[in-house]
Every structure is written in C-alpha cells, then in structure tokens.
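Heads up, coords34.tsv below (TSV, N, CA and C atoms):
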chain	number	residue	atom	x	y	z
U	1	MET	N	134.87	163.99	102.22
U	1	MET	CA	134.58	162.70	102.77
U	1	MET	C	133.33	162.14	102.09
U	2	ARG	N	133.44	160.91	101.65
U	2	ARG	CA	132.32	160.26	100.96
U	2	ARG	C	131.37	159.62	101.95
U	3	ARG	N	130.12	159.68	101.59
U	3	ARG	CA	129.10	159.08	102.43
U	3	ARG	C	128.91	157.63	101.98
U	4	ILE	N	128.80	156.67	102.93
U	4	ILE	CA	128.63	155.26	102.62
U	4	ILE	C	127.15	155.00	102.33
U	5	GLN	N	126.90	154.37	101.18
U	5	GLN	CA	125.52	154.09	100.77
U	5	GLN	C	125.01	152.86	101.52
U	6	THR	N	123.81	152.98	102.06
U	6	THR	CA	123.18	151.83	102.71
U	6	THR	C	121.83	151.59	102.07
U	7	GLY	N	121.44	150.32	101.94
U	7	GLY	CA	120.15	149.98	101.35
U	7	GLY	C	120.22	149.84	99.85
U	8	PHE	N	119.03	149.71	99.24
U	8	PHE	CA	118.92	149.50	97.81
U	8	PHE	C	118.30	150.73	97.15
U	9	THR	N	118.61	150.90	95.88
U	9	THR	CA	118.00	152.01	95.15
U	9	THR	C	116.61	151.58	94.69
U	10	LEU	N	115.82	152.55	94.29
U	10	LEU	CA	114.46	152.28	93.84
U	10	LEU	C	114.46	151.40	92.59
U	11	VAL	N	115.41	151.61	91.70
U	11	VAL	CA	115.50	150.82	90.48
U	11	VAL	C	115.78	149.35	90.82
U	12	GLU	N	116.66	149.09	91.74
U	12	GLU	CA	116.96	147.71	92.14
U	12	GLU	C	115.72	147.02	92.73
U	13	LEU	N	114.98	147.72	93.55
U	13	LEU	CA	113.78	147.16	94.15
U	13	LEU	C	112.72	146.85	93.09
U	14	VAL	N	112.53	147.74	92.13
U	14	VAL	CA	111.56	147.53	91.06
U	14	VAL	C	111.94	146.32	90.22
U	15	ILE	N	113.22	146.16	89.91
U	15	ILE	CA	113.70	145.01	89.13
U	15	ILE	C	113.41	143.71	89.86
U	16	VAL	N	113.65	143.66	91.16
U	16	VAL	CA	113.39	142.45	91.94
U	16	VAL	C	111.89	142.14	91.95
U	17	ILE	N	111.04	143.14	92.10
U	17	ILE	CA	109.60	142.93	92.10
U	17	ILE	C	109.13	142.40	90.76
U	18	VAL	N	109.66	142.93	89.67
U	18	VAL	CA	109.29	142.46	88.34
U	18	VAL	C	109.71	141.00	88.16
U	19	ILE	N	110.90	140.65	88.58
U	19	ILE	CA	111.38	139.26	88.47
U	19	ILE	C	110.49	138.32	89.29
U	20	LEU	N	110.11	138.71	90.50
U	20	LEU	CA	109.22	137.88	91.33
U	20	LEU	C	107.85	137.74	90.68
U	21	GLY	N	107.35	138.79	90.05
U	21	GLY	CA	106.06	138.72	89.36
U	21	GLY	C	106.09	137.74	88.20
U	22	ILE	N	107.17	137.78	87.43
U	22	ILE	CA	107.32	136.84	86.30
U	22	ILE	C	107.39	135.41	86.81
U	23	ALA	N	108.14	135.17	87.87
U	23	ALA	CA	108.25	133.83	88.45
U	23	ALA	C	106.88	133.34	88.94
U	24	ALA	N	106.09	134.22	89.53
U	24	ALA	CA	104.76	133.84	90.02
U	24	ALA	C	103.83	133.48	88.86
U	25	ILE	N	103.90	134.24	87.79
U	25	ILE	CA	103.05	133.96	86.62
U	25	ILE	C	103.38	132.60	86.03
U	26	ILE	N	104.63	132.21	86.06
U	26	ILE	CA	105.04	130.93	85.49
U	26	ILE	C	104.67	129.76	86.40
U	27	THR	N	104.79	129.91	87.72
U	27	THR	CA	104.61	128.78	88.63
U	27	THR	C	103.17	128.53	89.08
U	28	VAL	N	102.31	129.53	89.13
U	28	VAL	CA	100.94	129.34	89.64
U	28	VAL	C	100.16	128.30	88.83
U	29	PRO	N	100.18	128.30	87.51
U	29	PRO	CA	99.44	127.26	86.78
U	29	PRO	C	99.94	125.84	87.07
U	30	LYS	N	101.23	125.70	87.33
U	30	LYS	CA	101.76	124.37	87.64
U	30	LYS	C	101.22	123.86	88.97
U	31	PHE	N	101.05	124.72	89.96
U	31	PHE	CA	100.48	124.31	91.24
U	31	PHE	C	99.01	123.95	91.08
U	32	THR	N	98.29	124.61	90.22
U	32	THR	CA	96.89	124.29	89.97
U	32	THR	C	96.76	122.90	89.39
U	33	GLU	N	97.62	122.55	88.43
U	33	GLU	CA	97.61	121.22	87.83
U	33	GLU	C	97.94	120.16	88.86
U	34	LEU	N	98.86	120.44	89.78
U	34	LEU	CA	99.22	119.48	90.81
U	34	LEU	C	98.05	119.19	91.73
U	35	SER	N	97.23	120.19	92.00
U	35	SER	CA	96.08	120.00	92.88
U	35	SER	C	95.09	119.02	92.25
U	36	THR	N	94.84	119.15	90.97
U	36	THR	CA	93.93	118.23	90.28
U	36	THR	C	94.49	116.82	90.27
U	37	ASP	N	95.78	116.70	89.99
U	37	ASP	CA	96.43	115.38	89.99
U	37	ASP	C	96.39	114.75	91.37
U	38	ALA	N	96.57	115.56	92.42
U	38	ALA	CA	96.55	115.03	93.78
U	38	ALA	C	95.17	114.49	94.15
U	39	LYS	N	94.11	115.20	93.76
U	39	LYS	CA	92.76	114.74	94.06
U	39	LYS	C	92.46	113.43	93.33
U	40	SER	N	92.90	113.34	92.10
U	40	SER	CA	92.69	112.11	91.32
U	40	SER	C	93.47	110.95	91.93
U	41	ALA	N	94.71	111.19	92.33
U	41	ALA	CA	95.53	110.15	92.94
U	41	ALA	C	94.94	109.68	94.27
U	42	LEU	N	94.39	110.60	95.04
U	42	LEU	CA	93.77	110.23	96.32
U	42	LEU	C	92.53	109.36	96.09
U	43	THR	N	91.73	109.71	95.10
U	43	THR	CA	90.55	108.90	94.79
U	43	THR	C	90.96	107.50	94.35
U	44	ASN	N	92.01	107.41	93.53
U	44	ASN	CA	92.52	106.10	93.11
U	44	ASN	C	93.04	105.29	94.28
U	45	SER	N	93.72	105.94	95.23
U	45	SER	CA	94.26	105.20	96.37
U	45	SER	C	93.15	104.71	97.30
U	46	ILE	N	92.09	105.48	97.45
U	46	ILE	CA	90.97	105.03	98.28
U	46	ILE	C	90.26	103.85	97.60
U	47	ALA	N	90.13	103.92	96.28
U	47	ALA	CA	89.52	102.80	95.54
U	47	ALA	C	90.38	101.54	95.69
U	48	ALA	N	91.69	101.68	95.66
U	48	ALA	CA	92.58	100.53	95.86
U	48	ALA	C	92.44	99.98	97.27
U	49	SER	N	92.29	100.86	98.25
U	49	SER	CA	92.08	100.43	99.64
U	49	SER	C	90.76	99.66	99.77
U	50	LEU	N	89.73	100.13	99.08
U	50	LEU	CA	88.45	99.43	99.11
U	50	LEU	C	88.58	98.04	98.49
U	51	ALA	N	89.28	97.93	97.38
U	51	ALA	CA	89.48	96.63	96.73
U	51	ALA	C	90.27	95.68	97.63
U	52	ALA	N	91.32	96.20	98.26
U	52	ALA	CA	92.13	95.37	99.16
U	52	ALA	C	91.33	94.95	100.39
U	53	GLY	N	90.57	95.89	100.96
U	53	GLY	CA	89.74	95.57	102.12
U	53	GLY	C	88.69	94.52	101.79
U	54	ASN	N	88.12	94.62	100.59
U	54	ASN	CA	87.14	93.63	100.16
U	54	ASN	C	87.77	92.26	99.99
U	55	ALA	N	88.96	92.20	99.43
U	55	ALA	CA	89.65	90.92	99.24
U	55	ALA	C	89.98	90.26	100.57
U	56	VAL	N	90.46	91.05	101.52
U	56	VAL	CA	90.78	90.51	102.85
U	56	VAL	C	89.51	90.04	103.54
U	57	ASN	N	88.45	90.84	103.44
U	57	ASN	CA	87.17	90.47	104.04
U	57	ASN	C	86.63	89.18	103.44
U	58	TYR	N	86.71	89.05	102.13
U	58	TYR	CA	86.21	87.85	101.45
U	58	TYR	C	86.97	86.61	101.93
U	59	ALA	N	88.30	86.71	102.02
U	59	ALA	CA	89.10	85.58	102.48
U	59	ALA	C	88.78	85.22	103.93
U	60	ALA	N	88.60	86.25	104.77
U	60	ALA	CA	88.28	86.00	106.18
U	60	ALA	C	86.92	85.32	106.34
U	61	ARG	N	85.92	85.79	105.55
U	61	ARG	CA	84.59	85.19	105.63
U	61	ARG	C	84.58	83.77	105.11
U	62	LYS	N	85.37	83.48	104.08
U	62	LYS	CA	85.44	82.13	103.54
U	62	LYS	C	86.09	81.17	104.54
U	63	ALA	N	87.08	81.66	105.26
U	63	ALA	CA	87.77	80.82	106.24
U	63	ALA	C	86.89	80.53	107.45
U	64	VAL	N	86.31	81.59	108.01
U	64	VAL	CA	85.42	81.47	109.18
U	64	VAL	C	84.24	82.40	108.94
U	65	ALA	N	83.04	81.83	108.87
U	65	ALA	CA	81.84	82.58	108.50
U	65	ALA	C	81.53	83.75	109.43
U	66	MET	N	82.02	83.73	110.65
U	66	MET	CA	81.73	84.80	111.62
U	66	MET	C	82.69	85.98	111.46
U	67	ASN	N	83.77	85.83	110.73
U	67	ASN	CA	84.74	86.92	110.53
U	67	ASN	C	84.24	87.89	109.47
U	68	GLY	N	84.71	89.11	109.51
U	68	GLY	CA	84.41	90.09	108.47
U	68	GLY	C	82.97	90.54	108.46
U	69	VAL	N	82.59	91.17	107.35
U	69	VAL	CA	81.24	91.71	107.19
U	69	VAL	C	80.60	91.16	105.91
U	70	THR	N	79.28	91.19	105.88
U	70	THR	CA	78.53	90.75	104.70
U	70	THR	C	78.62	91.82	103.62
U	71	ILE	N	78.89	91.40	102.39
U	71	ILE	CA	78.94	92.32	101.25
U	71	ILE	C	77.84	91.92	100.27
U	72	LEU	N	76.82	92.77	100.14
U	72	LEU	CA	75.72	92.51	99.22
U	72	LEU	C	75.63	93.56	98.11
U	73	ASN	N	76.31	94.70	98.29
U	73	ASN	CA	76.35	95.72	97.25
U	73	ASN	C	77.65	96.52	97.36
U	74	CYS	N	77.89	97.37	96.41
U	74	CYS	CA	79.14	98.13	96.38
U	74	CYS	C	79.34	99.01	97.61
U	75	THR	N	78.26	99.59	98.13
U	75	THR	CA	78.40	100.48	99.28
U	75	THR	C	78.79	99.73	100.55
U	76	ASP	N	78.49	98.44	100.63
U	76	ASP	CA	78.87	97.64	101.80
U	76	ASP	C	80.39	97.52	101.93
U	77	VAL	N	81.11	97.68	100.83
U	77	VAL	CA	82.57	97.53	100.86
U	77	VAL	C	83.20	98.59	101.76
U	78	ALA	N	82.57	99.75	101.90
U	78	ALA	CA	83.09	100.81	102.77
U	78	ALA	C	83.21	100.35	104.21
U	79	LYS	N	82.43	99.33	104.61
U	79	LYS	CA	82.49	98.81	105.98
U	79	LYS	C	83.82	98.11	106.25
U	80	THR	N	84.54	97.74	105.19
U	80	THR	CA	85.82	97.05	105.38
U	80	THR	C	86.95	98.03	105.71
U	81	LEU	N	86.73	99.33	105.51
U	81	LEU	CA	87.73	100.33	105.86
U	81	LEU	C	87.57	100.76	107.30
U	82	GLN	N	88.69	100.86	108.01
U	82	GLN	CA	88.63	101.34	109.37
U	82	GLN	C	88.22	102.82	109.34
U	83	GLY	N	87.14	103.17	109.98
U	83	GLY	CA	86.65	104.54	109.96
U	83	GLY	C	85.68	104.81	108.83
U	84	GLY	N	85.48	103.83	107.96
U	84	GLY	CA	84.53	103.99	106.86
U	84	GLY	C	85.07	104.84	105.73
U	85	LEU	N	84.17	105.22	104.85
U	85	LEU	CA	84.51	106.01	103.67
U	85	LEU	C	84.78	107.45	104.09
U	86	PRO	N	85.86	108.06	103.60
U	86	PRO	CA	86.14	109.46	103.97
U	86	PRO	C	85.03	110.41	103.52
U	87	THR	N	84.93	111.53	104.18
U	87	THR	CA	83.94	112.54	103.84
U	87	THR	C	84.19	113.07	102.43
U	88	GLY	N	83.12	113.26	101.67
U	88	GLY	CA	83.24	113.79	100.33
U	88	GLY	C	83.33	112.72	99.25
U	89	TYR	N	83.31	111.45	99.65
U	89	TYR	CA	83.38	110.35	98.69
U	89	TYR	C	82.07	109.58	98.71
U	90	SER	N	81.68	109.04	97.56
U	90	SER	CA	80.47	108.23	97.48
U	90	SER	C	80.71	107.06	96.53
U	91	ILE	N	79.96	105.99	96.77
U	91	ILE	CA	80.08	104.79	95.95
U	91	ILE	C	78.74	104.56	95.25
U	92	MET	N	78.80	104.31	93.95
U	92	MET	CA	77.59	103.99	93.20
U	92	MET	C	77.04	102.66	93.70
U	93	ALA	N	75.79	102.64	94.11
U	93	ALA	CA	75.18	101.41	94.64
U	93	ALA	C	74.85	100.44	93.51
U	94	ALA	N	75.38	99.24	93.61
U	94	ALA	CA	75.07	98.16	92.67
U	94	ALA	C	75.09	96.86	93.45
U	95	THR	N	74.16	95.99	93.17
U	95	THR	CA	74.05	94.72	93.87
U	95	THR	C	75.12	93.75	93.40
U	96	VAL	N	75.69	93.02	94.35
U	96	VAL	CA	76.72	92.02	94.06
U	96	VAL	C	76.17	90.65	94.44
U	97	SER	N	76.26	89.71	93.53
U	97	SER	CA	75.83	88.34	93.82
U	97	SER	C	76.88	87.66	94.68
U	98	VAL	N	76.44	86.67	95.46
U	98	VAL	CA	77.36	85.93	96.33
U	98	VAL	C	78.40	85.21	95.47
U	99	ASP	N	79.65	85.32	95.88
U	99	ASP	CA	80.81	84.73	95.20
U	99	ASP	C	81.01	85.23	93.77
U	100	ALA	N	80.42	86.36	93.45
U	100	ALA	CA	80.62	86.99	92.14
U	100	ALA	C	81.28	88.34	92.33
U	101	SER	N	82.00	88.80	91.33
U	101	SER	CA	82.66	90.10	91.39
U	101	SER	C	81.98	91.09	90.46
U	102	ILE	N	82.02	92.35	90.86
U	102	ILE	CA	81.43	93.42	90.07
U	102	ILE	C	82.34	94.64	90.16
U	103	SER	N	82.36	95.44	89.12
U	103	SER	CA	83.14	96.67	89.10
U	103	SER	C	82.29	97.79	89.68
U	104	CYS	N	82.81	98.48	90.69
U	104	CYS	CA	82.09	99.56	91.36
U	104	CYS	C	82.82	100.88	91.10
U	105	THR	N	82.08	101.99	91.14
U	105	THR	CA	82.65	103.31	90.88
U	105	THR	C	82.64	104.14	92.15
U	106	LEU	N	83.80	104.70	92.47
U	106	LEU	CA	83.98	105.61	93.60
U	106	LEU	C	84.09	107.02	93.05
U	107	THR	N	83.29	107.95	93.59
U	107	THR	CA	83.35	109.35	93.17
U	107	THR	C	83.90	110.17	94.31
U	108	GLY	N	84.89	111.02	93.99
U	108	GLY	CA	85.54	111.84	95.01
U	108	GLY	C	85.37	113.32	94.74
U	109	PRO	N	86.18	114.14	95.41
U	109	PRO	CA	86.10	115.59	95.23
U	109	PRO	C	86.40	115.99	93.79
U	110	SER	N	85.81	117.08	93.35
U	110	SER	CA	85.98	117.61	91.99
U	110	SER	C	85.59	116.58	90.94
U	111	SER	N	84.63	115.73	91.27
U	111	SER	CA	84.11	114.70	90.35
U	111	SER	C	85.18	113.72	89.86
U	112	THR	N	86.22	113.49	90.65
U	112	THR	CA	87.20	112.48	90.30
U	112	THR	C	86.57	111.11	90.52
U	113	THR	N	86.86	110.17	89.65
U	113	THR	CA	86.30	108.83	89.78
U	113	THR	C	87.39	107.78	89.68
U	114	ALA	N	87.11	106.64	90.28
U	114	ALA	CA	87.99	105.49	90.20
U	114	ALA	C	87.12	104.24	90.36
U	115	THR	N	87.59	103.14	89.83
U	115	THR	CA	86.83	101.90	89.94
U	115	THR	C	87.57	100.90	90.82
U	116	PHE	N	86.79	100.04	91.45
U	116	PHE	CA	87.36	98.95	92.25
U	116	PHE	C	86.44	97.74	92.10
U	117	THR	N	86.96	96.58	92.45
U	117	THR	CA	86.20	95.35	92.33
U	117	THR	C	85.65	94.94	93.68
U	118	ALA	N	84.37	94.60	93.71
U	118	ALA	CA	83.73	94.11	94.93
U	118	ALA	C	83.27	92.67	94.68
U	119	THR	N	83.52	91.80	95.65
U	119	THR	CA	83.08	90.42	95.59
U	119	THR	C	82.06	90.18	96.69
U	120	GLY	N	80.90	89.68	96.32
U	120	GLY	CA	79.81	89.47	97.28
U	120	GLY	C	80.06	88.26	98.16
U	121	ILE	N	79.69	88.42	99.42
U	121	ILE	CA	79.80	87.30	100.39
U	121	ILE	C	78.76	87.50	101.48
U	122	ILE	N	78.19	86.37	101.92
U	122	ILE	CA	77.22	86.43	103.02
U	122	ILE	C	77.90	85.97	104.29
Do you think you could lay out the structure here as structure tokens?
Amino acid sequence: MRRIQTGFTLVELVIVIVILGIAAIITVPKFTELSTDAKSALTNSIAASLAAGNAVNYAARKAVAMNGVTILNCTDVAKTLQGGLPTGYSIMAATVSVDASISCTLTGPSSTTATFTATGII
C-alpha cells in the first residue's frame, strides 16, 4: 500500500523562496522612485492650490473690499487655504506690490519645491 504524500518538499519550498527574493529585489527600487515622485506631485498640487486660492481671493477683494484677506507677501497666500499650509511646508517670504504678481517658491518634504504666482491686494 502506497502512502499519500502531503505537503511540499524542501526543494520546492527553497525554489519558491528564491523566486520571491528575486521579485523583491526587482520591485523595491521601483517603490522607492514612486515615493519621491509622490512627494514632488504633492508639493506641486499644494502650490497649484495656493495659486488658485490667491486668484479667488484677489477677485473677491476686487469685487467687495471686505471679502477675502490682504496679501502683502508670499506667506500671506497660505491664509487663502482652508486650514492653512500643511505641516512640513514653507513658503519663501517675498513682498508683493498691490495689483502686481510675483513668483513664490513652496518648499515641501525631502526638499521638493514648486512655484506659484501671488498677486498683492489690500
């Protein structure tokens, strides 16, 4: 009478472990690159939000002087975002003249940077 084999042999298990190790070696660098790209994309999206918030604020202040907030420098633009600037982000301070636009730099995690336009309004 033959005995029924159950389970895997040691050779089969070693082959599976080797295959998983090779797959891990190939995929780990790709995930690292995605993390850097994600941080850069997030910084760009926050900069775009700052530019859009500034544009809406400028239009609101021009229509009715009591609406919106005063923008006198790049850091004031963060006031246009609900909740303010996220933690870990900073804006290079530069003065903006009234009714003039200036390019401002946003710095995020891992030294990612993005630019946005700020328009001064009183």
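Here CA of Ala38 in chain U is placed at a distance of 23.2 Å from CA of Ser103 in chain U.
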Of the listed residues U:Ala60, U:Leu106, U:Ile26, U:Ala114, that which approaches Cys74 in chain U most closely, counting only C-alpha atoms | U:Leu106
Could you name the residues that touch Val96 in chain U at 7 Å or less, counting only C-alpha atoms, but leaving out those on the same chain fewer than 5 positions away, as a PyMOL selection string?
-> chain U and resi 72-74+101-102+119-120
What is the CA of Lys39 in chain U-atom C of Thr27 in chain U distance in Å, reported with one decimal?
-> 18.0 Å
DSSP says alpha helix (DSSP H) for which residues of chain U? Put them as a ChimeraX atom specification?
-> /U:10-63
Find the distance between atom N of Pro109 in chain U and atom C of Tyr89 in chain U and write it in Å to one decimal.
-> 7.0 Å
Have a look at U:Ala63, U:Ile17, U:Phe116, U:Ile122 and name the one nearest to Ala47 in chain U; count all atoms listed in the file.
-> U:Phe116
Sel. within 6.5 Å of pt (79.7, 101.9, 95.5), counting all atoms listed in the file, output as a ChimeraX atom specification | /U:73-76,90-94,104-106
Restrict the selected residues to N, CA and C atoms and save them as a compact mmCIF listing (two decimals), in the frame of the given file.
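out-v5.txt, freshly written:
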# COMPACT_ATOMS: atom_id res chain seq x y z
N ASN U 73 76.31 94.70 98.29
CA ASN U 73 76.35 95.72 97.25
C ASN U 73 77.65 96.52 97.36
N CYS U 74 77.89 97.37 96.41
CA CYS U 74 79.14 98.13 96.38
C CYS U 74 79.34 99.01 97.61
N THR U 75 78.26 99.59 98.13
CA THR U 75 78.40 100.48 99.28
C THR U 75 78.79 99.73 100.55
N ASP U 76 78.49 98.44 100.63
CA ASP U 76 78.87 97.64 101.80
C ASP U 76 80.39 97.52 101.93
N SER U 90 81.68 109.04 97.56
CA SER U 90 80.47 108.23 97.48
C SER U 90 80.71 107.06 96.53
N ILE U 91 79.96 105.99 96.77
CA ILE U 91 80.08 104.79 95.95
C ILE U 91 78.74 104.56 95.25
N MET U 92 78.80 104.31 93.95
CA MET U 92 77.59 103.99 93.20
C MET U 92 77.04 102.66 93.70
N ALA U 93 75.79 102.64 94.11
CA ALA U 93 75.18 101.41 94.64
C ALA U 93 74.85 100.44 93.51
N ALA U 94 75.38 99.24 93.61
CA ALA U 94 75.07 98.16 92.67
C ALA U 94 75.09 96.86 93.45
N CYS U 104 82.81 98.48 90.69
CA CYS U 104 82.09 99.56 91.36
C CYS U 104 82.82 100.88 91.10
N THR U 105 82.08 101.99 91.14
CA THR U 105 82.65 103.31 90.88
C THR U 105 82.64 104.14 92.15
N LEU U 106 83.80 104.70 92.47
CA LEU U 106 83.98 105.61 93.60
C LEU U 106 84.09 107.02 93.05
Surrounding residues of Val69 in chain U excluding itself and chain neighbours under 5 positions, 8 Å, all atoms listed in the file, as a list in words =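 The filter keeps Val56, Asn57, Tyr58, Ala60, Arg61, Asp76, Lys79, Thr80, Ile121 and Ile122 of chain U.
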Do you know which residues lie at most 8 Å from (93.3, 114.7, 91.7), with coordinates as in the file and all atoms listed in the file counted, and could you write them as a count of residues only?
-> 15
